[in-house]
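**Q** input-v6.cif (mmCIF, C-alpha atoms) pasted underneath:
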data_upload
loop_
_atom_site.label_atom_id
_atom_site.label_comp_id
_atom_site.auth_asym_id
_atom_site.auth_seq_id
_atom_site.Cartn_x
_atom_site.Cartn_y
_atom_site.Cartn_z
CA MET A 1 126.92 170.95 95.23
CA ASN A 2 125.26 168.26 97.30
CA GLY A 3 126.36 164.65 96.81
CA PRO A 4 123.98 161.68 96.68
CA ALA A 5 121.95 161.13 99.87
CA LYS A 6 123.82 158.91 102.28
CA ASP A 7 122.09 155.62 103.12
CA GLU A 8 121.99 155.58 106.89
CA GLY A 9 120.51 152.06 107.08
CA ILE A 10 118.38 151.14 110.07
CA VAL A 11 118.49 153.77 112.77
CA LEU A 12 117.73 152.39 116.22
CA THR A 13 115.39 154.20 118.56
CA GLU A 14 116.49 154.84 122.12
CA ALA A 15 114.34 151.95 123.34
CA GLN A 16 115.90 149.59 120.78
CA LYS A 17 119.38 150.72 121.80
CA ARG A 18 118.58 150.05 125.45
CA ALA A 19 117.16 146.61 124.56
CA ARG A 20 120.26 145.76 122.52
CA ARG A 21 122.53 146.91 125.34
CA SER A 22 120.67 144.73 127.88
CA ARG A 23 120.97 141.72 125.54
CA SER A 24 124.67 142.37 125.00
CA ILE A 25 125.33 142.62 128.74
CA ALA A 26 123.38 139.39 129.35
CA ILE A 27 125.41 137.54 126.67
CA ALA A 28 128.69 138.90 128.09
CA LEU A 29 127.77 137.85 131.63
CA SER A 30 126.68 134.38 130.42
CA LEU A 31 129.96 133.85 128.59
CA ALA A 32 131.99 135.06 131.57
CA ALA A 33 130.03 132.72 133.87
CA LEU A 34 130.68 129.85 131.47
CA VAL A 35 134.43 130.54 131.50
CA VAL A 36 134.45 130.58 135.31
CA LEU A 37 132.34 127.41 135.43
CA PHE A 38 134.68 125.43 133.16
CA TYR A 39 137.73 126.77 135.01
CA VAL A 40 136.36 125.76 138.42
CA ILE A 41 135.19 122.33 137.23
CA THR A 42 138.62 121.67 135.69
CA LEU A 43 140.26 122.54 139.03
CA VAL A 44 137.79 120.38 140.96
CA LYS A 45 138.03 117.33 138.71
CA GLY A 46 141.68 117.65 137.81
CA PRO A 47 143.03 115.48 134.97
CA ILE A 48 140.02 113.16 135.33
CA VAL A 49 137.94 115.82 133.60
CA LEU A 50 139.23 114.30 130.36
CA VAL A 51 138.17 110.77 131.30
CA ARG A 52 134.55 110.21 130.35
CA PRO A 53 133.66 106.53 130.13
CA LEU A 54 130.19 106.05 128.70
CA MET B 55 97.12 150.13 123.50
CA SER B 56 94.78 147.69 125.23
CA LEU B 57 95.69 144.04 125.60
CA ILE B 58 92.96 143.00 123.19
CA SER B 59 94.16 145.34 120.44
CA GLU B 60 97.80 144.35 121.08
CA VAL B 61 96.87 140.68 120.73
CA ALA B 62 94.79 141.36 117.60
CA ASP B 63 97.71 143.26 116.10
CA LEU B 64 100.09 140.45 116.93
CA ARG B 65 97.79 137.75 115.55
CA SER B 66 97.48 139.59 112.27
CA ARG B 67 101.29 139.90 112.11
CA LEU B 68 101.78 136.23 112.99
CA ALA B 69 99.23 135.20 110.37
CA ALA B 70 100.86 137.37 107.72
CA GLY B 71 104.33 136.08 108.51
CA SER B 72 105.19 139.81 108.49
CA PRO B 73 108.51 140.17 106.63
CA LEU B 74 108.54 143.81 107.79
CA ALA B 75 108.56 142.66 111.42
CA LEU B 76 111.49 140.34 110.70
CA ALA B 77 113.50 143.23 109.27
CA GLU B 78 112.85 145.43 112.30
CA PRO B 79 115.50 145.64 115.01
CA SER B 80 114.53 143.42 117.91
CA PRO B 81 112.83 145.23 120.81
CA ALA B 82 113.54 142.25 123.10
CA THR B 83 115.43 142.93 126.31
CA ALA B 84 117.33 140.34 128.34
CA GLY B 85 114.24 140.25 130.57
CA ASP B 86 112.13 139.06 127.64
CA TYR B 87 114.50 136.14 127.12
CA VAL B 88 114.32 135.34 130.83
CA ALA B 89 110.50 135.37 130.55
CA LEU B 90 110.81 133.02 127.56
CA MET B 91 112.39 130.45 129.86
CA LYS B 92 109.33 130.37 132.17
CA PRO B 93 111.27 131.30 135.33
CA ARG B 94 108.52 130.20 137.74
CA VAL B 95 108.35 126.72 136.23
CA MET B 96 112.14 126.70 136.16
CA SER B 97 112.34 127.48 139.88
CA LEU B 98 110.08 124.51 140.70
CA VAL B 99 112.16 122.27 138.44
CA VAL B 100 115.39 123.40 140.12
CA PHE B 101 113.88 122.89 143.56
CA THR B 102 112.71 119.32 142.88
CA ALA B 103 116.00 118.50 141.14
CA LEU B 104 117.91 119.89 144.13
CA THR B 105 115.90 117.59 146.38
CA GLY B 106 116.75 114.58 144.23
CA LEU B 107 120.38 115.62 144.23
CA ALA B 108 120.57 116.29 147.97
CA VAL B 109 118.84 113.10 149.12
CA ALA B 110 120.81 110.78 146.83
CA PRO B 111 123.44 108.61 148.52
CA GLY B 112 127.05 109.37 147.74
CA HIS B 113 129.12 112.48 147.41
CA LEU B 114 129.16 115.13 144.75
CA HIS B 115 131.46 118.14 144.85
CA ALA B 116 129.49 121.36 145.37
CA ALA B 117 130.77 122.81 142.08
CA VAL B 118 129.68 119.70 140.15
CA GLY B 119 126.33 119.73 141.95
CA PHE B 120 125.88 123.39 141.04
CA THR B 121 126.73 122.57 137.41
CA ALA B 122 124.13 119.79 137.39
CA LEU B 123 121.45 122.16 138.74
CA LEU B 124 122.46 124.87 136.29
CA CYS B 125 122.16 122.46 133.36
CA ILE B 126 118.78 121.20 134.59
CA ALA B 127 117.60 124.81 134.98
CA VAL B 128 118.83 125.77 131.52
CA GLY B 129 117.29 122.60 130.06
CA ALA B 130 113.95 123.53 131.65
CA GLY B 131 114.33 127.05 130.27
CA ALA B 132 115.02 125.62 126.82
CA ALA B 133 111.87 123.52 127.01
CA GLY B 134 109.92 126.62 128.05
CA ALA B 135 111.28 128.64 125.12
CA LEU B 136 110.53 125.86 122.62
CA ASN B 137 107.04 125.52 124.07
CA MET B 138 106.45 129.26 123.62
CA TRP B 139 107.75 129.05 120.06
CA TYR B 140 105.31 126.29 119.12
CA ASP B 141 102.35 127.61 121.12
CA ALA B 142 102.60 131.28 120.12
CA ASP B 143 99.26 131.13 118.27
CA ILE B 144 97.25 129.71 121.17
CA ASP B 145 99.15 131.76 123.77
CA ALA B 146 97.91 134.88 121.98
CA MET B 147 94.30 133.76 122.54
CA MET B 148 94.47 133.14 126.27
CA THR B 149 94.42 135.88 128.90
CA ARG B 150 96.93 134.02 131.08
CA THR B 151 99.53 133.71 128.31
CA ALA B 152 98.81 136.63 125.96
CA ARG B 153 101.54 138.78 127.51
CA ARG B 154 104.31 136.26 126.83
CA PRO B 155 107.19 137.64 124.71
CA VAL B 156 106.30 135.82 121.46
CA PRO B 157 102.57 136.65 121.41
CA MET B 158 103.48 140.24 122.34
CA GLY B 159 105.79 140.39 119.32
CA ARG B 160 108.85 141.26 121.41
CA ILE B 161 110.60 138.05 120.33
CA GLN B 162 110.06 136.51 116.89
CA PRO B 163 109.05 132.82 116.82
CA GLY B 164 112.27 131.94 114.95
CA GLU B 165 114.33 133.67 117.63
CA ALA B 166 112.54 131.70 120.34
CA LEU B 167 113.19 128.46 118.42
CA ALA B 168 116.91 129.22 117.97
CA PHE B 169 117.24 130.29 121.60
CA GLY B 170 115.50 127.14 122.85
CA LEU B 171 117.53 124.76 120.66
CA THR B 172 120.81 126.45 121.63
CA LEU B 173 120.03 126.26 125.34
CA ALA B 174 118.86 122.65 125.06
CA GLY B 175 122.05 121.61 123.28
CA PHE B 176 124.21 123.51 125.76
CA ALA B 177 122.46 122.04 128.81
CA VAL B 178 122.60 118.42 127.63
CA VAL B 179 126.19 118.53 126.36
CA VAL B 180 127.58 120.30 129.44
CA LEU B 181 125.70 117.96 131.79
CA GLY B 182 127.09 114.98 129.89
CA LEU B 183 130.66 116.30 129.82
CA LEU B 184 130.90 117.65 133.36
CA VAL B 185 128.54 115.41 135.35
CA ASN B 186 127.53 112.09 133.78
CA ALA B 187 126.00 110.59 130.65
CA LEU B 188 122.87 109.09 132.26
CA ALA B 189 121.81 112.43 133.79
CA ALA B 190 122.38 114.09 130.38
CA ALA B 191 120.35 111.40 128.61
CA LEU B 192 117.47 111.86 131.06
CA LEU B 193 117.58 115.65 130.59
CA ALA B 194 117.56 115.24 126.79
CA PHE B 195 114.62 112.84 127.04
CA THR B 196 112.74 115.27 129.32
CA ILE B 197 113.14 118.16 126.87
CA PHE B 198 112.18 115.88 123.96
CA PHE B 199 109.13 114.59 125.84
CA TYR B 200 107.93 118.07 126.82
CA ILE B 201 108.21 119.43 123.29
CA ALA B 202 107.62 116.53 120.90
CA ILE B 203 105.20 114.43 122.97
CA TYR B 204 103.37 116.99 125.13
CA THR B 205 103.47 120.32 123.26
CA VAL B 206 103.28 119.04 119.68
CA GLY B 207 101.57 115.67 120.11
CA LEU B 208 99.18 115.83 123.05
CA LYS B 209 98.33 119.36 124.11
CA ARG B 210 95.96 120.14 121.25
CA SER B 211 94.62 116.65 120.66
CA THR B 212 93.58 114.94 123.90
CA PRO B 213 92.18 115.79 127.34
CA GLN B 214 94.83 113.41 128.70
CA ASN B 215 97.45 115.97 127.62
CA ILE B 216 98.57 117.01 131.09
CA VAL B 217 98.30 113.48 132.50
CA ILE B 218 100.82 112.02 130.05
CA GLY B 219 102.67 115.32 129.70
CA GLY B 220 103.21 115.27 133.46
CA VAL B 221 106.06 112.83 132.82
CA ALA B 222 108.27 115.73 131.72
CA GLY B 223 107.66 117.71 134.91
CA ALA B 224 108.26 114.64 137.06
CA PHE B 225 111.75 113.87 135.73
CA PRO B 226 113.89 116.58 137.45
CA PRO B 227 114.31 114.80 140.83
CA MET B 228 115.40 111.67 138.93
CA ILE B 229 117.94 113.72 136.98
CA GLY B 230 119.22 115.23 140.24
CA TRP B 231 119.51 111.75 141.76
CA THR B 232 121.36 110.29 138.77
CA ALA B 233 123.73 113.29 138.73
CA VAL B 234 125.03 111.96 142.07
CA THR B 235 124.68 108.20 141.71
CA GLY B 236 124.88 107.61 137.96
CA SER B 237 122.04 105.10 138.37
CA LEU B 238 118.35 104.83 139.26
CA SER B 239 116.52 103.13 142.14
CA LEU B 240 113.15 103.06 143.94
CA GLU B 241 113.56 106.36 145.80
CA PRO B 242 113.77 108.70 142.77
CA VAL B 243 110.99 106.71 141.11
CA LEU B 244 108.79 107.49 144.15
CA LEU B 245 109.61 111.19 143.79
CA PHE B 246 108.78 110.92 140.08
CA LEU B 247 105.42 109.30 140.86
CA ILE B 248 104.50 111.99 143.41
CA ILE B 249 104.97 114.80 140.85
CA PHE B 250 103.36 112.71 138.10
CA MET B 251 100.18 112.15 140.13
CA TRP B 252 100.22 115.72 141.47
CA THR B 253 100.15 117.29 137.99
CA PRO B 254 96.56 116.40 136.91
CA PRO B 255 94.69 117.72 139.98
CA HIS B 256 96.92 120.80 139.97
CA PHE B 257 96.27 121.71 136.32
CA TRP B 258 92.64 120.60 136.25
CA ALA B 259 91.94 122.86 139.25
CA LEU B 260 93.37 125.71 137.16
CA ALA B 261 91.47 124.62 134.06
CA LEU B 262 88.18 124.62 136.00
CA TYR B 263 88.29 128.38 136.42
CA ARG B 264 90.03 129.03 133.10
CA THR B 265 87.73 126.83 131.01
CA GLU B 266 86.67 129.65 128.66
CA ASP B 267 90.29 130.57 128.02
CA TYR B 268 91.18 127.01 127.02
CA ALA B 269 87.99 126.61 124.96
CA ARG B 270 88.73 129.84 123.06
CA ALA B 271 92.22 128.58 122.24
CA GLY B 272 90.85 125.18 121.19
CA ILE B 273 92.81 123.25 123.80
CA PRO B 274 90.90 120.10 124.78
CA MET B 275 91.43 120.37 128.52
CA LEU B 276 89.23 118.02 130.51
CA PRO B 277 86.65 120.67 131.59
CA VAL B 278 86.30 121.77 127.95
CA VAL B 279 85.82 118.24 126.57
CA ALA B 280 84.26 116.24 129.41
CA GLY B 281 82.65 119.06 131.37
CA ASP B 282 82.89 120.52 134.82
CA ARG B 283 81.38 117.62 136.76
CA SER B 284 83.63 114.96 135.23
CA THR B 285 86.71 117.10 135.87
CA ARG B 286 85.85 117.44 139.55
CA ARG B 287 85.49 113.64 139.82
CA HIS B 288 88.84 113.17 138.08
CA ILE B 289 90.48 115.65 140.48
CA MET B 290 89.13 113.68 143.44
CA LEU B 291 90.27 110.36 141.95
CA TYR B 292 93.81 111.56 141.26
CA THR B 293 94.07 113.20 144.69
CA LEU B 294 93.04 109.88 146.26
CA ILE B 295 96.00 108.25 144.49
CA LEU B 296 98.36 111.16 145.13
CA VAL B 297 97.97 111.36 148.91
CA PRO B 298 99.12 107.77 149.68
CA LEU B 299 101.96 108.26 147.22
CA GLY B 300 102.95 111.39 149.13
CA VAL B 301 103.20 109.33 152.32
CA ALA B 302 104.98 106.42 150.58
CA PRO B 303 108.57 107.69 151.06
CA TRP B 304 107.99 107.55 154.83
CA LEU B 305 106.29 104.12 154.69
CA ALA B 306 109.15 102.81 152.53
CA GLY B 307 111.67 104.01 155.12
CA PHE B 308 113.11 106.52 152.70
CA ALA B 309 111.93 109.53 154.73
CA GLY B 310 111.61 110.16 158.46
CA VAL B 311 108.82 110.90 160.94
CA LEU B 312 108.84 114.64 160.21
CA TYR B 313 108.17 113.94 156.54
CA GLY B 314 105.52 111.34 157.38
CA GLY B 315 103.67 113.80 159.64
CA ILE B 316 103.75 116.62 157.11
CA ALA B 317 102.73 114.30 154.25
CA LEU B 318 99.74 113.08 156.31
CA VAL B 319 98.57 116.55 157.37
CA THR B 320 99.03 118.23 153.98
CA GLY B 321 97.57 115.15 152.27
CA ALA B 322 94.46 115.47 154.45
CA ILE B 323 94.16 119.14 153.44
CA MET B 324 94.54 118.19 149.75
CA LEU B 325 91.75 115.63 150.13
CA THR B 326 89.52 118.17 151.89
CA LEU B 327 90.06 120.75 149.16
CA ALA B 328 89.48 118.16 146.42
CA TRP B 329 86.26 117.16 148.23
CA GLN B 330 85.17 120.82 148.28
CA VAL B 331 85.87 121.06 144.55
CA LEU B 332 83.82 117.91 143.99
CA ASN B 333 80.84 119.27 145.89
CA GLU B 334 80.92 122.93 144.93
CA ARG B 335 78.16 124.06 142.63
CA HIS B 336 78.68 126.41 139.69
CA PRO B 337 80.82 128.37 139.37
CA ALA B 338 83.63 126.12 140.60
CA GLU B 339 85.68 129.19 141.27
CA ARG B 340 86.69 129.52 144.92
CA ALA B 341 87.26 125.83 145.74
CA SER B 342 89.30 125.18 142.60
CA ARG B 343 91.38 128.32 143.16
CA ASN B 344 92.04 127.12 146.72
CA LEU B 345 93.04 123.66 145.52
CA PHE B 346 95.28 125.08 142.79
CA ALA B 347 97.07 127.39 145.26
CA PHE B 348 97.43 124.75 147.98
CA SER B 349 98.66 122.08 145.57
CA ILE B 350 101.76 124.22 144.94
CA LEU B 351 102.36 124.53 148.68
CA TYR B 352 101.74 120.78 149.11
CA LEU B 353 104.42 119.76 146.65
CA PHE B 354 106.80 122.39 148.00
CA LEU B 355 106.33 121.20 151.61
CA LEU B 356 106.86 117.52 150.71
CA PHE B 357 110.11 118.20 148.87
CA ALA B 358 111.33 120.86 151.32
CA THR B 359 110.83 118.45 154.24
CA LEU B 360 112.68 115.72 152.39
CA LEU B 361 115.45 118.17 151.63
CA VAL B 362 115.73 119.26 155.26
CA GLU B 363 115.47 115.72 156.61
CA ARG B 364 117.64 113.80 154.17
CA GLY B 365 119.74 116.48 152.54
CA TRP B 366 123.30 117.45 153.46
CA GLY B 367 124.25 113.96 154.58
CA GLY B 368 121.02 113.35 156.49
CA LEU B 369 122.01 115.86 159.16
CA ILE B 370 118.53 116.27 160.66
CA THR B 371 117.88 112.50 160.57
CA ARG B 372 121.13 111.78 162.40
CA LEU B 373 120.36 114.42 165.03
CA THR B 374 116.84 113.10 165.65
CA GLU B 375 118.14 109.52 165.84
CA ARG B 376 120.49 110.53 168.64
CA VAL B 377 117.71 112.10 170.74
#
Can you turn what I pasted into structure tokens?

**A**
Amino acid sequence: MNGPAKDEGIVLTEAQKRARRSRSIAIALSLAALVVLFYVITLVKGPIVLVRPL
Amino acid sequence: MSLISEVADLRSRLAAGSPLALAEPSPATAGDYVALMKPRVMSLVVFTALTGLAVAPGHLHAAVGFTALLCIAVGAGAAGALNMWYDADIDAMMTRTARRPVPMGRIQPGEALAFGLTLAGFAVVVLGLLVNALAAALLAFTIFFYIAIYTVGLKRSTPQNIVIGGVAGAFPPMIGWTAVTGSLSLEPVLLFLIIFMWTPPHFWALALYRTEDYARAGIPMLPVVAGDRSTRRHIMLYTLILVPLGVAPWLAGFAGVLYGGIALVTGAIMLTLAWQVLNERHPAERASRNLFAFSILYLFLLFATLLVERGWGGLITRLTERV
């Protein structure tokens, strides 16, 4: 006996999967670059990085 | 599918608000989001900001300088994305802009808006935290001016749109300068004025051979509203103001002989091309294309010379002074 049809939701095409993958990689690279940027700036500025007079 | 049918399809979807399209998985690649940031405009912004940063007196650590340029670039990209969000309807009507990601339906307008706002916030906050508050305030004002004043307020309502809107494009060297000095002075204002006065002849030269495009989209560019002849006179007038301004950094002692020579020669070419535009009969195609193309080179040469002459601690200037 067959059960109720399974709802598979939205099925991505190959093109959509490739597009999603390229977006995911771009976000990952941006976040990694941001981590490196804040790390380097903290090293460069030292404790003064916390001092921000307006 | 031809471009015309693609655009017609998109316009019908935009007009309908297409809930189906919103539910569809996004076809946008990372490249589409890069295109949304107007990379060519961004490169010019980064270049002029780099010049402002390099010629400013004082010292800035390379990593902090890089951060400043990154924030300025991202801020420019944010402005581009917000502009494409707001202008999606008219972009779809013009040949030059119909293949942008929003009119093509690859990125939804709401996605472009969210992307632009996120980038703008990121750029301003990081510039303020890691560089200085004045540079961040100027960047925030530039993005605000480009979107609220130019894109929303002026672009569709007055032929002076690109004259006043030119303020936004002229700010980057000032932001670069303030990233180093934390203050403003005559020199960055001169750089601002050069770009400000360069913008009208540059865009009007383009508008002269894209008049039908702008008319179809209902954008009141000068050739659409005041006609071809008046636009050519305006181009000549603004070029007459621009060329002395281009030489001004040398006359003010802010740039050296190399800059002065290049500003004079390229300024003379600008005037010649503007004169040809003024005197060319219909269609004003070849002369205006020449002026449009050369105007990009003109601005690039002025800033590149300044960068070479004054940048990196005035290395070239010091060497030539010794000879």

**Q** Identify all residues satisfying the PyMOL selection byres ((chain B) within 10 of (chain A)) in the given file; provide them as a count of residues only.

**A** 25

**Q** If the PyMOL selection byres ((chain B and resi 141) around 10) is run on the structure shown, which residues does it catch, given as a list in words?

**A**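 Output of the PyMOL selection byres ((chain B and resi 141) around 10): Ala135, Leu136, Asn137, Met138, Trp139, Tyr140, Ala142, Asp143, Ile144, Asp145, Ala146, Thr151, Val156, Pro157, Pro163, Thr205, Val206, Lys209 and Arg210 of chain B.
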
**Q** Could you check how far atom CA of Asn215 of chain B sits from atom CA of Pro255 of chain B, in Å to one decimal?

**A**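 The value is 12.8 Å.
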
**Q** Pick out the residues sitting within 6 Å of Ala222 of chain B, and hand them over as an MDAnalysis selection string; count only C-alpha atoms, and ignore anything fewer than 2 positions along from it in its own chain.

**A** chainID B and resid 196 200 219:220 224:225

**Q** Please identify all polymer residues within 7 Å of Leu276 of chain B, counting only C-alpha atoms, omitting same-chain residues fewer than 5 positions from it, and present them as a ChimeraX atom specification.

**A** /B:213,281,285

**Q** So what do you get for atom CA of Phe101 of chain B versus atom CA of Leu244 of chain B, distance-wise?

**A**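 So the two atoms, atom CA of Phe101 of chain B and atom CA of Leu244 of chain B, lie 16.2 Å apart.
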
**Q** Spell out the residues picked by the PyMOL selection byres ((chain B and resi 148) around 12) here, as a list of chain:residue names.

**A** B:Leu57, B:Ile58, B:Val61, B:Ala62, B:Asp141, B:Ala142, B:Asp143, B:Ile144, B:Asp145, B:Ala146, B:Met147, B:Thr149, B:Arg150, B:Thr151, B:Ala152, B:Arg153, B:Arg154, B:Pro157, B:Ala261, B:Arg264, B:Thr265, B:Glu266, B:Asp267, B:Tyr268, B:Ala269, B:Arg270, B:Ala271, B:Gly272, B:Ile273

**Q** Work out how far atom CA of Trp252 of chain B is from atom CA of Ala108 of chain B, in Å to one decimal.

**A** 21.4 Å

**Q** List the spatial neighbours of Ile197 of chain B as a list in words - criterion: any atom at most 7 Å away, all atoms listed in the file, same-chain residues fewer than 4 positions off excluded.

**A** Gly129, Ala133, Leu193 and Ile201 of chain B

**Q** Need the shell around Leu247 of chain B: protein/DNA/RNA residues with any atom at most 9 Å away, counting only C-alpha atoms. Skip same-chain ones fewer than 5 positions apart. Format as a list of chain:residue names?

**A**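 My list of contacting residues is B:Val221, B:Ala224, B:Pro242, B:Trp252, B:Leu296, B:Leu299, B:Gly300.
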
**Q** Quick one: everything within 7 Å of segment 102-107 of chain B, counting only C-alpha atoms, minus sequence neighbours fewer than 6 positions away in the same chain. Send it as a list in words.

**A**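 Counting only C-alpha atoms, the residues come to Leu123, Pro226, Pro227, Met228, Ile229, Gly230, Trp231, Ala233, Val234, Pro242, Phe357 and Leu361 of chain B.
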
**Q** Return as JSON the centre and edge lengths, in Å with one decimal, of the box along x, y and z that encloses every atom of segment 37-45 of chain A in the file, padded by 6 Å per side.

**A**
{"center_x": 136.3, "center_y": 122.4, "center_z": 137.1, "size_x": 19.9, "size_y": 22.1, "size_z": 19.8}

**Q** Of the residues B:Ala317, B:Ala191, B:Leu345, B:Leu294, which is the one nearest to Ala358 of chain B, using only C-alpha atoms?

**A** B:Ala317

**Q** Keeping all heavy atoms, write segment 34-42 of chain A of the structure just shown out as a PDB file, in the first residue's frame.

**A**
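Output below, filename selection_20.pdb:
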ATOM      1  N   LEU A  34      36.622  39.648   6.329  1.00  0.00           N
ATOM      2  CA  LEU A  34      36.275  40.560   7.417  1.00  0.00           C
ATOM      3  C   LEU A  34      37.007  40.178   8.707  1.00  0.00           C
ATOM      4  O   LEU A  34      37.513  41.048   9.431  1.00  0.00           O
ATOM      5  CB  LEU A  34      34.755  40.495   7.640  1.00  0.00           C
ATOM      6  CG  LEU A  34      34.058  41.761   8.096  1.00  0.00           C
ATOM      7  CD1 LEU A  34      34.389  42.928   7.205  1.00  0.00           C
ATOM      8  CD2 LEU A  34      32.557  41.528   8.146  1.00  0.00           C
ATOM      9  N   VAL A  35      37.062  38.881   8.984  1.00  0.00           N
ATOM     10  CA  VAL A  35      37.778  38.393  10.174  1.00  0.00           C
ATOM     11  C   VAL A  35      39.252  38.792  10.091  1.00  0.00           C
ATOM     12  O   VAL A  35      39.831  39.339  11.042  1.00  0.00           O
ATOM     13  CB  VAL A  35      37.638  36.853  10.294  1.00  0.00           C
ATOM     14  CG1 VAL A  35      38.575  36.315  11.368  1.00  0.00           C
ATOM     15  CG2 VAL A  35      36.200  36.479  10.601  1.00  0.00           C
ATOM     16  N   VAL A  36      39.859  38.548   8.929  1.00  0.00           N
ATOM     17  CA  VAL A  36      41.274  38.892   8.737  1.00  0.00           C
ATOM     18  C   VAL A  36      41.470  40.400   8.893  1.00  0.00           C
ATOM     19  O   VAL A  36      42.406  40.862   9.552  1.00  0.00           O
ATOM     20  CB  VAL A  36      41.760  38.421   7.335  1.00  0.00           C
ATOM     21  CG1 VAL A  36      43.169  38.933   7.046  1.00  0.00           C
ATOM     22  CG2 VAL A  36      41.726  36.901   7.261  1.00  0.00           C
ATOM     23  N   LEU A  37      40.556  41.171   8.302  1.00  0.00           N
ATOM     24  CA  LEU A  37      40.666  42.634   8.358  1.00  0.00           C
ATOM     25  C   LEU A  37      40.645  43.129   9.809  1.00  0.00           C
ATOM     26  O   LEU A  37      41.520  43.907  10.223  1.00  0.00           O
ATOM     27  CB  LEU A  37      39.510  43.274   7.581  1.00  0.00           C
ATOM     28  CG  LEU A  37      39.485  44.801   7.556  1.00  0.00           C
ATOM     29  CD1 LEU A  37      40.605  45.341   6.684  1.00  0.00           C
ATOM     30  CD2 LEU A  37      38.152  45.326   7.040  1.00  0.00           C
ATOM     31  N   PHE A  38      39.681  42.668  10.592  1.00  0.00           N
ATOM     32  CA  PHE A  38      39.592  43.114  11.988  1.00  0.00           C
ATOM     33  C   PHE A  38      40.799  42.636  12.802  1.00  0.00           C
ATOM     34  O   PHE A  38      41.293  43.363  13.667  1.00  0.00           O
ATOM     35  CB  PHE A  38      38.280  42.624  12.627  1.00  0.00           C
ATOM     36  CG  PHE A  38      37.105  43.486  12.257  1.00  0.00           C
ATOM     37  CD1 PHE A  38      36.159  43.074  11.326  1.00  0.00           C
ATOM     38  CD2 PHE A  38      36.945  44.743  12.820  1.00  0.00           C
ATOM     39  CE1 PHE A  38      35.097  43.888  10.974  1.00  0.00           C
ATOM     40  CE2 PHE A  38      35.881  45.568  12.483  1.00  0.00           C
ATOM     41  CZ  PHE A  38      34.950  45.139  11.554  1.00  0.00           C
ATOM     42  N   TYR A  39      41.280  41.446  12.494  1.00  0.00           N
ATOM     43  CA  TYR A  39      42.460  40.912  13.196  1.00  0.00           C
ATOM     44  C   TYR A  39      43.678  41.800  12.907  1.00  0.00           C
ATOM     45  O   TYR A  39      44.380  42.234  13.835  1.00  0.00           O
ATOM     46  CB  TYR A  39      42.703  39.471  12.726  1.00  0.00           C
ATOM     47  CG  TYR A  39      43.882  38.813  13.391  1.00  0.00           C
ATOM     48  CD1 TYR A  39      43.834  38.448  14.737  1.00  0.00           C
ATOM     49  CD2 TYR A  39      45.051  38.551  12.677  1.00  0.00           C
ATOM     50  CE1 TYR A  39      44.914  37.845  15.352  1.00  0.00           C
ATOM     51  CE2 TYR A  39      46.134  37.950  13.284  1.00  0.00           C
ATOM     52  CZ  TYR A  39      46.064  37.591  14.620  1.00  0.00           C
ATOM     53  OH  TYR A  39      47.136  37.001  15.226  1.00  0.00           O
ATOM     54  N   VAL A  40      43.903  42.073  11.631  1.00  0.00           N
ATOM     55  CA  VAL A  40      45.070  42.874  11.238  1.00  0.00           C
ATOM     56  C   VAL A  40      44.977  44.285  11.817  1.00  0.00           C
ATOM     57  O   VAL A  40      45.953  44.816  12.364  1.00  0.00           O
ATOM     58  CB  VAL A  40      45.198  42.925   9.691  1.00  0.00           C
ATOM     59  CG1 VAL A  40      46.256  43.941   9.261  1.00  0.00           C
ATOM     60  CG2 VAL A  40      45.548  41.552   9.151  1.00  0.00           C
ATOM     61  N   ILE A  41      43.804  44.897  11.720  1.00  0.00           N
ATOM     62  CA  ILE A  41      43.650  46.271  12.226  1.00  0.00           C
ATOM     63  C   ILE A  41      43.874  46.312  13.741  1.00  0.00           C
ATOM     64  O   ILE A  41      44.475  47.256  14.272  1.00  0.00           O
ATOM     65  CB  ILE A  41      42.245  46.831  11.872  1.00  0.00           C
ATOM     66  CG1 ILE A  41      42.129  47.042  10.372  1.00  0.00           C
ATOM     67  CG2 ILE A  41      41.973  48.138  12.604  1.00  0.00           C
ATOM     68  CD1 ILE A  41      42.987  48.147   9.791  1.00  0.00           C
ATOM     69  N   THR A  42      43.417  45.266  14.445  1.00  0.00           N
ATOM     70  CA  THR A  42      43.631  45.223  15.896  1.00  0.00           C
ATOM     71  C   THR A  42      45.130  45.137  16.204  1.00  0.00           C
ATOM     72  O   THR A  42      45.629  45.801  17.122  1.00  0.00           O
ATOM     73  CB  THR A  42      42.889  44.018  16.510  1.00  0.00           C
ATOM     74  OG1 THR A  42      41.535  44.067  16.079  1.00  0.00           O
ATOM     75  CG2 THR A  42      42.925  44.059  18.030  1.00  0.00           C
TER      76      THR A  42
END
